[in-house]
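Have a look at the structure below, then the notes.
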Amino acid sequence: SDDIKRFAELEVAANIQALWAAHEPQMDELTIPFLGADRAALQYPFGDLARAGTRLVAGSDWSVSSPNPLWGIHVAVNRAVPREESPGREYPPFFPEQA
């Protein structure tokens, strides 16, 4: 989109919350039905931003998610919750093209 290109053009950083970019029950039960499939696919476009040359910076959004920076990096790279965070449950990557 035009907005993604503008981040790099304006030399601004995108502050991402990587832990939210994972496929988990809340995404299926609340977020995707509310947004609809087309708009849901626009969430957390980290890959598009990085490919456009945008500087990405990240936070943990702690206290509502883990403060562990390695888990945030894991989700940004794999688009899936680390197994340690949700033992016994695995979900497919959430829009893996945005990894």
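The way I read the labels, and the way they are meant: chains A, B, ... in the order of the structure tokens, residue 1 as the first residue of every chain, and ligand 1 as the first ligand shown, with later ones counted on from there.
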
Name all residues at most 9 Å from A:Ser60 (count only C-alpha atoms; drop same-chain ones fewer than 4 positions away) and give them as a PDB file with N, CA and C atoms, in the first residue's frame.
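Listed below is the output, out_9.pdb:
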```pdb
ATOM      1  N   ILE A  16       6.612  -1.858  16.188  1.00  0.00           N
ATOM      2  CA  ILE A  16       5.792  -3.061  16.068  1.00  0.00           C
ATOM      3  C   ILE A  16       5.651  -3.769  17.412  1.00  0.00           C
ATOM      4  N   GLN A  17       4.551  -4.444  17.563  1.00  0.00           N
ATOM      5  CA  GLN A  17       4.295  -5.292  18.730  1.00  0.00           C
ATOM      6  C   GLN A  17       4.224  -6.723  18.202  1.00  0.00           C
ATOM      7  N   ALA A  18       5.357  -7.356  18.051  1.00  0.00           N
ATOM      8  CA  ALA A  18       5.451  -8.634  17.342  1.00  0.00           C
ATOM      9  C   ALA A  18       4.616  -9.743  17.968  1.00  0.00           C
ATOM     10  N   LEU A  19       4.510  -9.788  19.283  1.00  0.00           N
ATOM     11  CA  LEU A  19       3.786 -10.893  19.912  1.00  0.00           C
ATOM     12  C   LEU A  19       2.314 -10.948  19.515  1.00  0.00           C
ATOM     13  N   VAL A  64       0.563  -6.963  29.263  1.00  0.00           N
ATOM     14  CA  VAL A  64      -0.463  -7.837  28.701  1.00  0.00           C
ATOM     15  C   VAL A  64       0.121  -8.907  27.779  1.00  0.00           C
ATOM     16  N   SER A  65       1.420  -8.898  27.598  1.00  0.00           N
ATOM     17  CA  SER A  65       2.106  -9.953  26.857  1.00  0.00           C
ATOM     18  C   SER A  65       3.488 -10.123  27.479  1.00  0.00           C
ATOM     19  N   SER A  66       4.224 -11.086  27.002  1.00  0.00           N
ATOM     20  CA  SER A  66       5.523 -11.409  27.596  1.00  0.00           C
ATOM     21  C   SER A  66       6.537 -10.279  27.404  1.00  0.00           C
ATOM     22  N   PRO A  67       7.339  -9.992  28.431  1.00  0.00           N
ATOM     23  CA  PRO A  67       8.409  -9.020  28.269  1.00  0.00           C
ATOM     24  C   PRO A  67       9.669  -9.652  27.666  1.00  0.00           C
ATOM     25  N   ASN A  68       9.643 -10.955  27.385  1.00  0.00           N
ATOM     26  CA  ASN A  68      10.810 -11.654  26.861  1.00  0.00           C
ATOM     27  C   ASN A  68      11.059 -11.232  25.404  1.00  0.00           C
ATOM     28  N   PRO A  69      12.147 -10.498  25.124  1.00  0.00           N
ATOM     29  CA  PRO A  69      12.382 -10.024  23.760  1.00  0.00           C
ATOM     30  C   PRO A  69      12.608 -11.165  22.766  1.00  0.00           C
ATOM     31  N   GLY A  72       9.293 -12.192  21.276  1.00  0.00           N
ATOM     32  CA  GLY A  72       8.864 -11.229  20.261  1.00  0.00           C
ATOM     33  C   GLY A  72       9.614 -11.419  18.956  1.00  0.00           C
TER      34      GLY A  72
END
```

| request: Select from stretch 4-72 of chain A everything DSSP, run on the backbone, classes as alpha helix (DSSP H), then give the selection as a count of residues only. | output: 26

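Between A:Ala40 and the residues A:Phe94, A:Gly53, A:Pro87, A:Ala80, the shortest atom-to-atom distance, using only C-alpha atoms, involves A:Phe94.
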
Tell me, as number ranges by chain, which residues lie within 12 Å of A:Arg89, counting only C-alpha atoms; anything in the same chain fewer than 6 positions away does not count. A: 23-25, 80-83

Now that the selection is made, can you save its residues with N, CA and C atoms as a short mmCIF file (atom, residue, chain, number, x, y, z; two decimals), in the first residue's frame?
```
data_model
loop_
_atom_site.label_atom_id
_atom_site.label_comp_id
_atom_site.auth_asym_id
_atom_site.auth_seq_id
_atom_site.Cartn_x
_atom_site.Cartn_y
_atom_site.Cartn_z
N HIS A 23 -0.96 -16.45 15.19
CA HIS A 23 -2.26 -17.11 15.07
C HIS A 23 -2.58 -17.82 16.38
N GLU A 24 -3.63 -17.41 17.02
CA GLU A 24 -4.03 -18.01 18.29
C GLU A 24 -5.55 -17.91 18.39
N PRO A 25 -6.17 -18.54 19.39
CA PRO A 25 -7.64 -18.58 19.45
C PRO A 25 -8.31 -17.21 19.36
N ALA A 80 4.45 -17.20 14.59
CA ALA A 80 3.81 -18.22 15.43
C ALA A 80 4.28 -18.04 16.86
N VAL A 81 3.42 -18.38 17.81
CA VAL A 81 3.74 -18.29 19.23
C VAL A 81 4.81 -19.33 19.56
N PRO A 82 5.82 -18.97 20.35
CA PRO A 82 6.80 -19.98 20.77
C PRO A 82 6.13 -21.11 21.53
N ARG A 83 6.57 -22.32 21.30
CA ARG A 83 5.99 -23.48 21.97
C ARG A 83 6.03 -23.33 23.49
#
```

- Query: atom CA of A:Asp2 to atom CA of A:Asp28: how many Å, to one decimal?
  - Reply: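 Result for atom CA of A:Asp2 versus atom CA of A:Asp28: 27.9 Å, one decimal.
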
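Taking atom CA of A:Pro93 and atom CA of A:Ala50 as the two end points, the separation is 18.3 Å.
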
Atom pair atom CA of A:Thr54 + atom CA of A:Leu35, distance 25.5 Å

| Picked from chain A by DSSP as strand (DSSP E or B), as a list in words |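 Matching residues for strand (DSSP E or B) in chain A are Ala13, Ala14, Asn15, Ile16, Arg55, Leu56, Val57 and Ala58 of chain A.
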
Please produce an output containing N, CA and C atoms for each residue in the selection, written as a CSV table (one decimal), in the first residue's frame.
```
chain,number,residue,atom,x,y,z
A,13,ALA,N,10.3,5.4,11.8
A,13,ALA,CA,10.4,4.0,12.3
A,13,ALA,C,9.0,3.5,12.5
A,14,ALA,N,8.8,2.2,12.3
A,14,ALA,CA,7.5,1.6,12.6
A,14,ALA,C,7.7,0.8,13.9
A,15,ASN,N,6.9,1.2,14.9
A,15,ASN,CA,7.0,0.5,16.2
A,15,ASN,C,6.0,-0.7,16.2
A,16,ILE,N,6.6,-1.9,16.2
A,16,ILE,CA,5.8,-3.1,16.1
A,16,ILE,C,5.7,-3.8,17.4
A,55,ARG,N,12.6,1.2,8.9
A,55,ARG,CA,13.3,0.8,10.2
A,55,ARG,C,12.2,0.3,11.1
A,56,LEU,N,12.4,-0.9,11.6
A,56,LEU,CA,11.4,-1.5,12.5
A,56,LEU,C,12.0,-1.5,13.9
A,57,VAL,N,11.2,-1.0,14.9
A,57,VAL,CA,11.6,-1.1,16.3
A,57,VAL,C,10.5,-1.8,17.0
A,58,ALA,N,10.8,-2.4,18.1
A,58,ALA,CA,9.7,-3.3,18.7
A,58,ALA,C,9.7,-3.1,20.2
```

ask   = Taking into account only C-alpha atoms, which residue in the set A:Gly59, A:Leu70, A:Phe7, A:Phe95 is nearest to A:Ala37?
value =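 Looking only at the distances to A:Ala37, the closest residue turns out to be A:Phe95.
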